[in-house]
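Next up, target21.txt (compact mmCIF, C-alpha atoms):
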# COMPACT_ATOMS: atom_id res chain seq x y z
CA MET A 1 0.00 0.00 0.00
CA ARG A 2 1.28 3.47 -0.87
CA LEU A 3 0.14 6.99 -0.15
CA ILE A 4 0.98 9.28 -3.04
CA ALA A 5 0.57 13.05 -3.28
CA GLU A 6 1.39 14.87 -6.50
CA ASN A 7 1.58 18.64 -6.96
CA LEU A 8 -0.83 18.94 -4.07
CA GLY A 9 -2.20 22.39 -3.40
CA GLY A 10 -4.55 23.54 -0.69
CA GLU A 11 -6.46 26.71 -0.04
CA ARG A 12 -8.41 28.18 2.78
CA GLY A 13 -11.06 30.80 2.20
CA GLY A 14 -9.86 31.32 -1.38
CA ASP A 15 -6.20 31.97 -0.47
CA THR A 16 -3.60 29.45 -1.55
CA VAL A 17 -1.95 28.14 1.62
CA PHE A 18 0.49 25.77 -0.06
CA SER A 19 1.09 24.33 -3.49
CA ASP A 20 3.34 21.83 -5.27
CA ILE A 21 3.60 19.42 -2.38
CA GLY A 22 4.64 15.95 -3.48
CA PHE A 23 5.60 12.86 -1.55
CA ALA A 24 5.17 9.11 -1.61
CA LEU A 25 4.93 6.95 1.49
CA GLU A 26 5.54 3.21 1.42
CA GLU A 27 4.33 0.81 4.08
CA GLY A 28 6.27 1.28 7.28
CA GLN A 29 7.30 4.85 6.51
CA ALA A 30 6.48 8.02 8.35
CA LEU A 31 6.42 11.63 7.20
CA VAL A 32 6.97 14.45 9.67
CA VAL A 33 5.59 17.76 8.47
CA THR A 34 7.19 20.80 10.11
CA GLY A 35 7.04 24.50 9.52
CA PRO A 36 6.13 27.80 11.16
CA ASN A 37 2.61 28.70 12.28
CA GLY A 38 0.28 29.32 9.40
CA SER A 39 2.38 27.43 6.87
CA GLY A 40 -0.49 25.04 6.19
CA LYS A 41 0.42 21.90 8.13
CA SER A 42 -3.10 21.33 9.45
CA THR A 43 -4.61 22.26 6.09
CA LEU A 44 -2.34 19.70 4.41
CA LEU A 45 -3.52 16.97 6.78
CA ARG A 46 -7.19 17.88 6.23
CA VAL A 47 -6.67 17.91 2.46
CA ILE A 48 -5.04 14.47 2.61
CA ALA A 49 -7.89 13.11 4.72
CA GLY A 50 -10.42 14.51 2.28
CA LEU A 51 -12.04 16.91 4.75
CA LEU A 52 -11.03 19.85 2.56
CA PRO A 53 -11.25 19.82 -1.23
CA VAL A 54 -8.03 19.39 -3.19
CA ALA A 55 -7.29 22.73 -4.86
CA GLU A 56 -4.82 21.27 -7.35
CA GLY A 57 -2.94 18.03 -7.94
CA SER A 58 -4.04 14.78 -6.37
CA VAL A 59 -3.64 12.58 -3.33
CA LYS A 60 -4.51 8.91 -3.41
CA ILE A 61 -3.89 5.58 -1.82
CA GLU A 62 -2.66 2.73 -3.99
CA GLY A 63 -3.02 -0.95 -3.30
CA GLY A 64 -5.59 -0.54 -0.56
CA GLY A 65 -7.81 -3.17 -2.14
CA GLU A 66 -11.46 -3.58 -1.23
CA ALA A 67 -11.02 -2.68 2.41
CA PHE A 68 -9.38 0.70 1.88
CA PRO A 69 -10.48 2.17 -1.45
CA SER A 70 -9.88 5.80 -0.47
CA VAL A 71 -7.61 7.75 1.85
CA ALA A 72 -10.58 8.58 4.09
CA SER A 73 -11.38 4.91 4.63
CA ALA A 74 -7.75 4.01 5.33
CA CYS A 75 -6.92 6.75 7.81
CA HIS A 76 -7.26 7.65 11.43
CA TYR A 77 -7.46 11.42 11.70
CA LEU A 78 -6.40 12.92 15.04
CA GLY A 79 -6.94 16.66 14.82
CA HIS A 80 -6.60 19.40 17.40
CA GLN A 81 -9.81 18.26 19.02
CA ASN A 82 -10.09 14.89 20.64
CA ALA A 83 -13.55 13.92 19.30
CA MET A 84 -14.66 12.68 22.71
CA LYS A 85 -17.80 13.60 24.64
CA PRO A 86 -17.15 15.12 28.07
CA ALA A 87 -20.46 13.78 29.45
CA LEU A 88 -19.63 10.14 28.65
CA SER A 89 -17.05 8.04 30.43
CA VAL A 90 -13.68 7.41 28.79
CA ALA A 91 -14.55 3.75 28.22
CA GLU A 92 -17.94 4.62 26.70
CA ASN A 93 -16.28 7.08 24.33
CA LEU A 94 -13.69 4.55 23.23
CA ARG A 95 -16.22 1.75 22.91
CA PHE A 96 -18.34 3.96 20.65
CA TRP A 97 -15.45 4.77 18.31
CA ARG A 98 -14.34 1.14 18.31
CA ASP A 99 -17.84 0.01 17.27
CA PHE A 100 -18.33 2.85 14.79
CA ASN A 101 -14.95 2.58 13.09
CA GLY A 102 -14.95 -1.21 13.04
CA ASP A 103 -11.83 -3.33 12.43
CA GLY A 104 -11.35 -3.78 16.16
CA GLN A 105 -7.76 -4.31 17.20
CA LEU A 106 -7.23 -3.81 20.93
CA GLY A 107 -9.94 -3.98 23.55
CA VAL A 108 -10.97 -0.74 25.25
CA GLU A 109 -9.22 -1.61 28.54
CA GLU A 110 -6.08 -2.78 26.73
CA GLY A 111 -6.02 0.41 24.69
CA LEU A 112 -6.27 2.53 27.81
CA GLU A 113 -3.52 0.58 29.52
CA THR A 114 -1.28 0.99 26.49
CA VAL A 115 -1.47 4.78 26.82
CA GLY A 116 -1.07 4.59 30.60
CA LEU A 117 -4.68 5.32 31.54
CA GLY A 118 -5.55 1.88 32.91
CA GLY A 119 -8.21 1.89 35.61
CA ILE A 120 -9.75 5.27 34.87
CA GLY A 121 -12.10 4.14 32.11
CA HIS A 122 -15.13 4.74 34.33
CA LEU A 123 -14.42 8.47 34.78
CA PRO A 124 -16.30 11.01 32.65
CA PHE A 125 -14.02 12.26 29.89
CA GLY A 126 -14.64 15.84 31.04
CA TYR A 127 -12.88 15.14 34.37
CA LEU A 128 -9.54 14.35 32.76
CA SER A 129 -6.61 16.75 32.44
CA THR A 130 -5.48 18.04 29.04
CA GLY A 131 -2.69 15.48 28.74
CA GLN A 132 -4.92 12.62 29.83
CA ARG A 133 -7.54 13.65 27.27
CA ARG A 134 -4.91 13.58 24.56
CA ARG A 135 -3.78 10.15 25.68
CA ALA A 136 -7.38 8.88 25.60
CA ALA A 137 -7.69 10.25 22.06
CA ILE A 138 -4.47 8.41 21.13
CA ALA A 139 -6.01 5.23 22.54
CA LYS A 140 -8.74 5.76 19.95
CA LEU A 141 -6.11 5.17 17.23
CA LEU A 142 -5.24 1.85 18.83
CA VAL A 143 -8.66 0.27 19.36
CA SER A 144 -9.49 0.04 15.65
CA HIS A 145 -7.04 -0.71 12.90
CA ARG A 146 -6.24 1.78 10.14
CA PRO A 147 -3.07 1.56 8.04
CA LEU A 148 -2.61 5.34 7.84
CA TRP A 149 -2.44 7.70 10.79
CA LEU A 150 -2.88 11.42 10.14
CA VAL A 151 -1.93 13.14 13.38
CA ASP A 152 -1.96 16.88 13.95
CA GLU A 153 0.21 18.06 16.87
CA PRO A 154 -0.29 14.66 18.53
CA THR A 155 1.91 15.38 21.52
CA ALA A 156 0.42 18.78 22.45
CA GLY A 157 -0.10 18.74 26.21
CA LEU A 158 1.71 15.45 26.82
CA ASP A 159 4.46 15.06 29.42
CA LYS A 160 7.92 13.64 28.61
CA ALA A 161 7.05 10.08 29.57
CA SER A 162 3.89 10.09 27.46
CA GLU A 163 5.75 11.61 24.52
CA GLY A 164 8.21 8.73 24.70
CA ARG A 165 5.39 6.22 24.95
CA PHE A 166 3.66 7.74 21.91
CA ALA A 167 6.92 7.63 19.94
CA GLY A 168 7.09 3.92 20.78
CA LEU A 169 3.50 3.42 19.60
CA MET A 170 4.23 5.19 16.33
CA ALA A 171 7.37 3.15 15.78
CA ARG A 172 5.39 -0.04 16.42
CA HIS A 173 2.66 1.07 14.00
CA CYS A 174 5.31 1.63 11.30
CA ALA A 175 7.01 -1.68 12.09
CA GLU A 176 3.66 -3.42 11.53
CA GLY A 177 3.44 -1.90 8.06
CA GLY A 178 1.48 1.23 8.90
CA MET A 179 2.04 4.73 7.59
CA ILE A 180 2.06 7.99 9.51
CA VAL A 181 1.82 11.61 8.48
CA ALA A 182 2.43 13.84 11.49
CA ALA A 183 2.31 17.62 11.64
CA THR A 184 4.26 18.97 14.57
CA HIS A 185 6.57 21.59 16.08
CA LEU A 186 8.02 19.23 18.64
CA PRO A 187 10.46 16.45 17.82
CA LEU A 188 8.49 13.21 17.82
CA GLY A 189 11.41 10.85 18.27
CA LEU A 190 10.64 8.93 15.08
CA ASP A 191 13.80 7.39 13.67
CA GLY A 192 14.15 7.25 9.93
CA ALA A 193 11.10 9.38 9.21
CA LYS A 194 10.95 11.46 6.07
CA GLY A 195 10.76 15.18 6.56
CA LEU A 196 8.65 17.79 4.83
CA VAL A 197 9.23 21.44 5.67
CA MET A 198 6.35 23.69 4.82
CA GLY A 199 6.57 27.42 4.25
CA GLU A 200 9.91 27.28 2.39
CA LEU A 201 10.48 27.22 -1.35
CA LEU A 202 6.90 28.24 -1.77
CA PRO A 203 5.76 31.16 -3.90
CA GLN A 204 4.60 34.12 -1.87
CA GLN A 205 0.88 34.29 -1.34
CA GLY A 206 -0.82 36.13 -4.13
CA THR A 207 1.90 35.54 -6.68
CA ALA A 208 0.72 32.02 -7.38
CA SER A 209 -1.07 32.12 -10.68
CA MET B 210 -24.97 2.54 13.62
CA TRP B 211 -26.53 1.09 16.74
CA ALA B 212 -23.51 2.38 18.68
CA LEU B 213 -24.11 5.90 17.35
CA PHE B 214 -27.82 5.70 18.26
CA LEU B 215 -27.01 4.58 21.80
CA ARG B 216 -24.33 7.25 22.23
CA ASP B 217 -26.66 10.05 21.16
CA ILE B 218 -29.47 8.77 23.39
CA ARG B 219 -27.05 8.66 26.33
CA LEU B 220 -25.85 12.20 25.61
CA ASN B 221 -29.45 13.38 25.47
CA ILE B 222 -30.29 11.92 28.84
CA ARG B 223 -27.09 12.83 30.71
CA ALA B 224 -26.51 16.22 32.25
CA GLY B 225 -26.21 18.91 29.61
CA GLY B 226 -28.45 17.00 27.20
CA GLY B 227 -31.60 18.61 25.86
CA ALA B 228 -34.13 15.89 26.71
CA LEU B 229 -35.98 17.86 29.39
CA THR B 230 -35.62 21.34 27.88
CA GLY B 231 -38.17 20.65 25.16
CA VAL B 232 -40.71 19.13 27.55
CA ILE B 233 -40.45 22.04 29.98
CA PHE B 234 -40.88 24.55 27.14
CA PHE B 235 -43.86 22.57 25.82
CA LEU B 236 -45.40 22.58 29.29
CA ALA B 237 -44.81 26.32 29.63
CA VAL B 238 -46.47 27.10 26.28
CA ILE B 239 -49.53 24.91 26.86
CA ALA B 240 -49.98 25.93 30.51
CA THR B 241 -50.05 29.64 29.70
CA ILE B 242 -52.58 29.38 26.84
CA PRO B 243 -55.68 28.91 29.11
CA PHE B 244 -54.65 31.98 31.12
CA GLY B 245 -54.34 34.03 27.96
CA VAL B 246 -57.46 32.77 26.23
CA GLY B 247 -59.67 32.88 29.30
CA PRO B 248 -61.84 30.27 31.03
CA ASP B 249 -64.02 29.47 28.00
CA LEU B 250 -63.94 25.65 28.11
CA LYS B 251 -65.60 25.18 24.73
CA LEU B 252 -63.13 27.48 23.00
CA LEU B 253 -60.18 25.73 24.68
CA ALA B 254 -61.43 22.32 23.58
CA ARG B 255 -61.86 23.63 20.03
CA ILE B 256 -58.37 25.11 19.68
CA GLY B 257 -56.75 22.34 21.76
CA PRO B 258 -55.31 20.14 18.97
CA ALA B 259 -53.92 23.15 17.11
CA ILE B 260 -52.27 24.56 20.24
CA LEU B 261 -50.76 21.17 21.12
CA TRP B 262 -49.37 20.87 17.60
CA ILE B 263 -47.93 24.40 17.55
CA GLY B 264 -46.41 23.89 20.99
CA ALA B 265 -44.84 20.58 19.95
CA LEU B 266 -43.54 22.10 16.71
CA LEU B 267 -41.80 24.97 18.51
CA SER B 268 -40.39 22.64 21.18
CA CYS B 269 -39.01 20.42 18.41
CA LEU B 270 -37.11 23.35 16.93
CA LEU B 271 -35.57 24.20 20.29
CA GLY B 272 -32.88 21.54 20.46
CA LEU B 273 -32.20 21.18 16.75
CA ASP B 274 -29.22 23.56 16.55
CA ARG B 275 -27.17 21.21 18.75
CA LEU B 276 -27.80 18.21 16.48
CA PHE B 277 -24.51 18.60 14.57
CA GLN B 278 -22.94 21.60 16.28
CA ALA B 279 -21.98 19.67 19.42
CA ASP B 280 -20.25 17.06 17.25
CA ARG B 281 -18.52 19.74 15.24
CA GLU B 282 -17.12 21.51 18.30
CA ASP B 283 -15.38 18.44 19.69
CA GLY B 284 -14.18 17.14 16.33
CA SER B 285 -16.48 14.10 16.17
CA LEU B 286 -18.17 15.42 13.05
CA ASP B 287 -14.91 15.17 11.07
CA LEU B 288 -14.64 11.50 11.95
CA LEU B 289 -18.30 10.83 11.16
CA VAL B 290 -17.78 12.45 7.73
CA LEU B 291 -14.58 10.44 7.19
CA GLY B 292 -16.48 7.23 7.95
CA ASN B 293 -18.50 7.78 4.77
CA ASP B 294 -17.05 4.71 3.06
CA ARG B 295 -18.11 2.37 5.84
CA HIS B 296 -21.34 4.04 6.92
CA MET B 297 -22.98 6.17 4.26
CA LEU B 298 -23.17 9.69 5.65
CA ALA B 299 -26.90 9.96 4.94
CA LEU B 300 -27.50 6.88 7.09
CA THR B 301 -25.33 8.34 9.84
CA VAL B 302 -27.47 11.49 9.71
CA LEU B 303 -30.66 9.39 9.73
CA THR B 304 -29.42 7.55 12.81
CA LYS B 305 -28.62 10.83 14.55
CA CYS B 306 -32.11 12.13 13.64
CA LEU B 307 -33.79 9.03 15.04
CA ALA B 308 -31.76 9.26 18.24
CA HIS B 309 -32.61 12.95 18.55
CA TRP B 310 -36.27 12.18 17.98
CA ALA B 311 -36.30 9.34 20.51
CA GLY B 312 -34.40 11.38 23.09
CA SER B 313 -35.91 14.85 22.73
CA VAL B 314 -39.19 14.62 20.79
CA LEU B 315 -40.71 11.34 21.99
CA PRO B 316 -41.03 12.82 25.52
CA LEU B 317 -43.14 15.61 23.98
CA VAL B 318 -45.46 13.05 22.39
CA ILE B 319 -45.75 11.26 25.71
CA ALA B 320 -46.46 14.51 27.55
CA ALA B 321 -49.05 15.66 24.98
CA PRO B 322 -52.04 13.65 26.38
CA LEU B 323 -51.40 15.08 29.85
CA LEU B 324 -51.24 18.61 28.48
CA GLY B 325 -54.38 17.91 26.43
CA LEU B 326 -56.25 17.71 29.75
CA LEU B 327 -55.24 21.34 30.42
CA MET B 328 -56.98 22.24 27.17
CA ASN B 329 -60.23 20.47 28.17
CA MET B 330 -60.01 18.08 25.22
CA GLU B 331 -62.07 14.90 24.92
CA PRO B 332 -60.29 11.52 25.26
CA LEU B 333 -60.79 10.76 21.57
CA GLY B 334 -59.31 14.11 20.51
CA ILE B 335 -56.38 13.64 22.88
CA GLY B 336 -55.72 10.18 21.46
CA ALA B 337 -55.90 11.42 17.89
CA THR B 338 -53.58 14.38 18.58
CA ALA B 339 -51.03 12.14 20.31
CA LEU B 340 -51.18 9.70 17.39
CA THR B 341 -50.70 12.42 14.76
CA LEU B 342 -47.82 13.86 16.80
CA LEU B 343 -46.23 10.41 16.97
CA VAL B 344 -46.43 10.05 13.19
CA GLY B 345 -45.75 13.67 12.23
CA THR B 346 -42.96 14.89 14.50
CA PRO B 347 -40.22 12.73 12.89
CA ALA B 348 -40.81 14.78 9.72
CA ILE B 349 -39.98 17.96 11.64
CA THR B 350 -36.74 16.40 12.89
CA PHE B 351 -35.75 15.32 9.36
CA ILE B 352 -36.36 18.82 7.92
CA GLY B 353 -34.58 20.28 10.92
CA ALA B 354 -31.54 18.09 10.29
CA ALA B 355 -31.11 19.66 6.85
CA GLY B 356 -31.37 23.14 8.41
CA ALA B 357 -28.97 22.21 11.20
CA ALA B 358 -26.45 20.88 8.68
CA VAL B 359 -26.55 24.12 6.69
CA ALA B 360 -26.10 26.26 9.80
CA VAL B 361 -23.57 23.98 11.53
CA ALA B 362 -20.64 26.37 11.14
CA LEU B 363 -22.49 29.45 12.38
CA PRO B 364 -21.94 30.43 16.00
CA ARG B 365 -25.57 31.46 16.66
CA GLY B 366 -27.23 29.10 14.25
CA GLY B 367 -30.30 28.34 16.35
CA LEU B 368 -32.33 31.31 15.15
CA LEU B 369 -31.35 30.79 11.52
CA ILE B 370 -32.39 27.14 11.72
CA SER B 371 -35.81 28.12 13.04
CA VAL B 372 -36.27 30.66 10.25
CA LEU B 373 -35.08 28.18 7.61
CA VAL B 374 -37.06 25.25 8.89
CA LEU B 375 -40.36 26.78 10.01
CA PRO B 376 -41.82 27.43 6.52
CA LEU B 377 -40.98 23.89 5.46
CA THR B 378 -42.77 22.39 8.45
CA ILE B 379 -46.06 24.15 7.68
CA PRO B 380 -47.47 21.26 5.55
CA VAL B 381 -46.73 18.85 8.40
CA LEU B 382 -48.55 21.16 10.79
CA ILE B 383 -51.56 21.59 8.49
CA PHE B 384 -52.11 17.88 7.90
CA GLY B 385 -51.34 16.99 11.52
CA VAL B 386 -53.92 19.43 12.85
CA SER B 387 -56.56 18.58 10.26
CA ALA B 388 -56.22 14.87 11.03
CA SER B 389 -56.58 15.63 14.74
CA TYR B 390 -59.77 17.60 14.05
CA GLY B 391 -60.99 14.89 11.70
CA ALA B 392 -61.15 12.42 14.58
CA THR B 393 -63.62 14.52 16.57
CA ALA B 394 -65.51 16.84 14.19
CA ASN B 395 -67.86 14.57 12.29
CA PRO B 396 -67.94 15.57 8.62
CA ASP B 397 -64.17 16.05 8.46
CA PRO B 398 -62.16 13.01 7.35
CA PHE B 399 -59.44 11.56 9.59
CA LEU B 400 -57.81 8.94 7.44
CA GLN B 401 -56.88 11.03 4.37
CA PRO B 402 -54.90 13.79 6.13
CA PHE B 403 -53.40 11.17 8.45
CA LEU B 404 -52.11 9.14 5.50
CA ILE B 405 -50.71 12.27 3.84
CA LEU B 406 -48.95 13.07 7.14
CA ALA B 407 -47.44 9.57 7.20
CA ALA B 408 -46.38 10.00 3.56
CA LEU B 409 -44.73 13.34 4.39
CA THR B 410 -42.74 11.69 7.17
CA LEU B 411 -41.58 8.85 4.93
CA PHE B 412 -40.71 11.23 2.09
CA LEU B 413 -38.73 13.54 4.37
CA ALA B 414 -37.00 10.57 6.03
CA VAL B 415 -35.18 10.19 2.70
CA LEU B 416 -34.90 13.78 1.52
CA GLY B 417 -33.85 15.32 4.88
CA PRO B 418 -30.84 13.08 5.69
CA VAL B 419 -29.62 13.07 2.08
CA SER B 420 -29.61 16.86 1.84
CA ALA B 421 -28.13 17.18 5.34
CA ALA B 422 -25.33 14.78 4.36
CA LEU B 423 -24.65 16.86 1.26
CA ALA B 424 -24.44 20.05 3.31
CA LEU B 425 -22.14 18.45 5.91
CA ARG B 426 -19.89 16.95 3.25
CA HIS B 427 -19.28 20.39 1.72
CA GLY B 428 -19.43 22.38 4.91
CA THR B 429 -16.25 21.07 6.56
CA ASP B 430 -13.46 23.59 6.90
Output the file's structure as structure tokens, nothing else.
Amino acid sequence: MRLIAENLGGERGGDTVFSDIGFALEEGQALVVTGPNGSGKSTLLRVIAGLLPVAEGSVKIEGGGEAFPSVASACHYLGHQNAMKPALSVAENLRFWRDFNGDGQLGVEEGLETVGLGGIGHLPFGYLSTGQRRRAAIAKLLVSHRPLWLVDEPTAGLDKASEGRFAGLMARHCAEGGMIVAATHLPLGLDGAKGLVMGELLPQQGTAS
Amino acid sequence: MWALFLRDIRLNIRAGGGALTGVIFFLAVIATIPFGVGPDLKLLARIGPAILWIGALLSCLLGLDRLFQADREDGSLDLLVLGNDRHMLALTVLTKCLAHWAGSVLPLVIAAPLLGLLMNMEPLGIGATALTLLVGTPAITFIGAAGAAVAVALPRGGLLISVLVLPLTIPVLIFGVSASYGATANPDPFLQPFLILAALTLFLAVLGPVSAALALRHGTD
């Protein structure tokens, strides 16, 4: 399975945010997208996922077969928000996403233990701290299987130990043949990841034809 | 899909959900009418079905703005849209509508017979009004879903949804009320308007979710 982007361009509110982005990811590879604020990292991830329309070029997944015909069906998208309901317990939230997304991998309790939140599944999600919420959202990536992870600032709010644990999880995902596209400011500790720096070598806004 | 239905029902019932808001508003509207109209029991009985229907319609609109907005604010909506290949988005919307109806509107239907007593209605009229509400209110939710999907990105979308949705719900109101009257007033038919009401609900059960899905699909930013 490959993720291929060619001459990809994205826009927000009619302004071109980036253009001419190209990369190809093989199974087991990761791409770390870096760049200053406003350079279009989040927009790039949303364009790849299919949440924003592609302004130019194309992005597609090859060799996904019947199970993963499109990028949207093959990806886990972890945005700035955690997509969890504060009124429901952590376990209820995870169980819902596990049932809804299908392709169950880890159990809910196992998933929580993997991110170091074992034993607090019964608490309402709203009671958790920022870092714990992020870790619960990361557990969401683990409970159902998707070959491609699109993660946007995944380690925002995490402490050092959790950052290390998440780096381990990403490395394991890659080792199992998964792919990762991560947008971040912070070093993620991913060895051998490809890099993509946004906001350089790009035409100034407005000059793009 | 069942998981989504259960989650939305749970959210409706838990603290912060809108399950009781609609019922309390419905109660407030119906309870004040007799004070405004005066103690003319005949008049109250005559306007009863119409007042119950108008009250239920307005209470239905009350919680609609949160239908997709709550999911959008915490990022769930993105994931529901991304799940399109596994669960068609229109079906996801239909499930959310049914959960919203069961959690927020069904209590109104259950409360309607009790409030009918405040309007001095006969048992037959109360039964007919409750039945037409049971059949007709899903249509309001389905139209409302399309409005809620259009206004999902707007910070104060509630008012806009009401303005968008209200004109479209008028046929439902007309046939609902005329079927309710048909059950008690003798020359008026009951079955014909009732069947048209049922047809409206079935028709909108398809059209509402499909158009809402279209709006959500193109409304992500």
Can you find the residues with an atom no farther than 10 Å from (2.1, 15.8, -9.1), counting only C-alpha atoms, and report them as number ranges by chain? A: 4-9, 20-23, 56-59
Compile the residues of chain A that lie within 10 Å of chain B, evaluated using all atoms listed in the file, and express the compilation as an NGL selection string. :A and (12-13 or 43 or 46-47 or 49-53 or 67-88 or 92-93 or 95-102)
Test item: residues at most 9 Å from Thr346 of chain B, all atoms listed in the file, excluding those fewer than 5 positions along its chain, as a PyMOL selection string: chain B and resi 265-266+269+310+314-315+318+341+351+381+410
Go ahead and find all residues with at least one atom no further than 8 Å from (-27.6, 16.2, 5.7) in the file's coordinates, using all atoms listed in the file; report them as a ChimeraX atom specification. /B:298-299,302,354-355,358,417-425
What is the atom CA of Ala321 of chain B-atom CA of Asp397 of chain B distance in Å, reported with one decimal? 22.4 Å
One number please: atom CA of Val181 of chain A to atom CA of Met1 of chain A, in Å, one decimal. 14.5 Å
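Here atom CA of Ala320 of chain B is placed at a distance of 27.6 Å from atom CA of Gly366 of chain B.
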With only C-alpha atoms as the atoms that count, which of B:Ala228, B:Ile260, B:Leu253, B:Ala357 lies nearest to Arg275 of chain B?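 The answer is B:Ala357, which sits nearest to Arg275 of chain B.
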For segment 302-318 of chain B, supply N, CA and C atoms and report the output as a CSV table (one decimal), keeping the file's coordinate frame.
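Output contents, as saved in selection.csv:
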chain,number,residue,atom,x,y,z
B,302,VAL,N,-26.6,10.4,9.4
B,302,VAL,CA,-27.5,11.5,9.7
B,302,VAL,C,-28.8,11.0,10.1
B,303,LEU,N,-29.4,10.0,9.4
B,303,LEU,CA,-30.7,9.4,9.7
B,303,LEU,C,-30.6,8.8,11.1
B,304,THR,N,-29.5,8.1,11.5
B,304,THR,CA,-29.4,7.6,12.8
B,304,THR,C,-29.4,8.7,13.9
B,305,LYS,N,-28.7,9.7,13.6
B,305,LYS,CA,-28.6,10.8,14.6
B,305,LYS,C,-30.0,11.5,14.7
B,306,CYS,N,-30.7,11.6,13.6
B,306,CYS,CA,-32.1,12.1,13.6
B,306,CYS,C,-33.0,11.2,14.5
B,307,LEU,N,-32.9,9.9,14.3
B,307,LEU,CA,-33.8,9.0,15.0
B,307,LEU,C,-33.5,9.1,16.5
B,308,ALA,N,-32.2,9.2,16.8
B,308,ALA,CA,-31.8,9.3,18.2
B,308,ALA,C,-32.2,10.6,18.8
B,309,HIS,N,-32.1,11.7,18.1
B,309,HIS,CA,-32.6,13.0,18.6
B,309,HIS,C,-34.1,12.9,18.8
B,310,TRP,N,-34.8,12.3,17.9
B,310,TRP,CA,-36.3,12.2,18.0
B,310,TRP,C,-36.6,11.4,19.2
B,311,ALA,N,-36.0,10.2,19.4
B,311,ALA,CA,-36.3,9.3,20.5
B,311,ALA,C,-35.9,10.0,21.8
B,312,GLY,N,-34.9,10.8,21.8
B,312,GLY,CA,-34.4,11.4,23.1
B,312,GLY,C,-35.1,12.7,23.4
B,313,SER,N,-35.4,13.5,22.4
B,313,SER,CA,-35.9,14.8,22.7
B,313,SER,C,-37.4,15.0,22.3
B,314,VAL,N,-37.8,14.4,21.3
B,314,VAL,CA,-39.2,14.6,20.8
B,314,VAL,C,-40.2,13.6,21.3
B,315,LEU,N,-39.8,12.4,21.5
B,315,LEU,CA,-40.7,11.3,22.0
B,315,LEU,C,-41.3,11.7,23.4
B,316,PRO,N,-40.4,12.3,24.3
B,316,PRO,CA,-41.0,12.8,25.5
B,316,PRO,C,-42.2,13.8,25.3
B,317,LEU,N,-42.1,14.7,24.3
B,317,LEU,CA,-43.1,15.6,24.0
B,317,LEU,C,-44.4,14.9,23.6
B,318,VAL,N,-44.3,13.8,22.8
B,318,VAL,CA,-45.5,13.0,22.4
B,318,VAL,C,-46.1,12.4,23.6
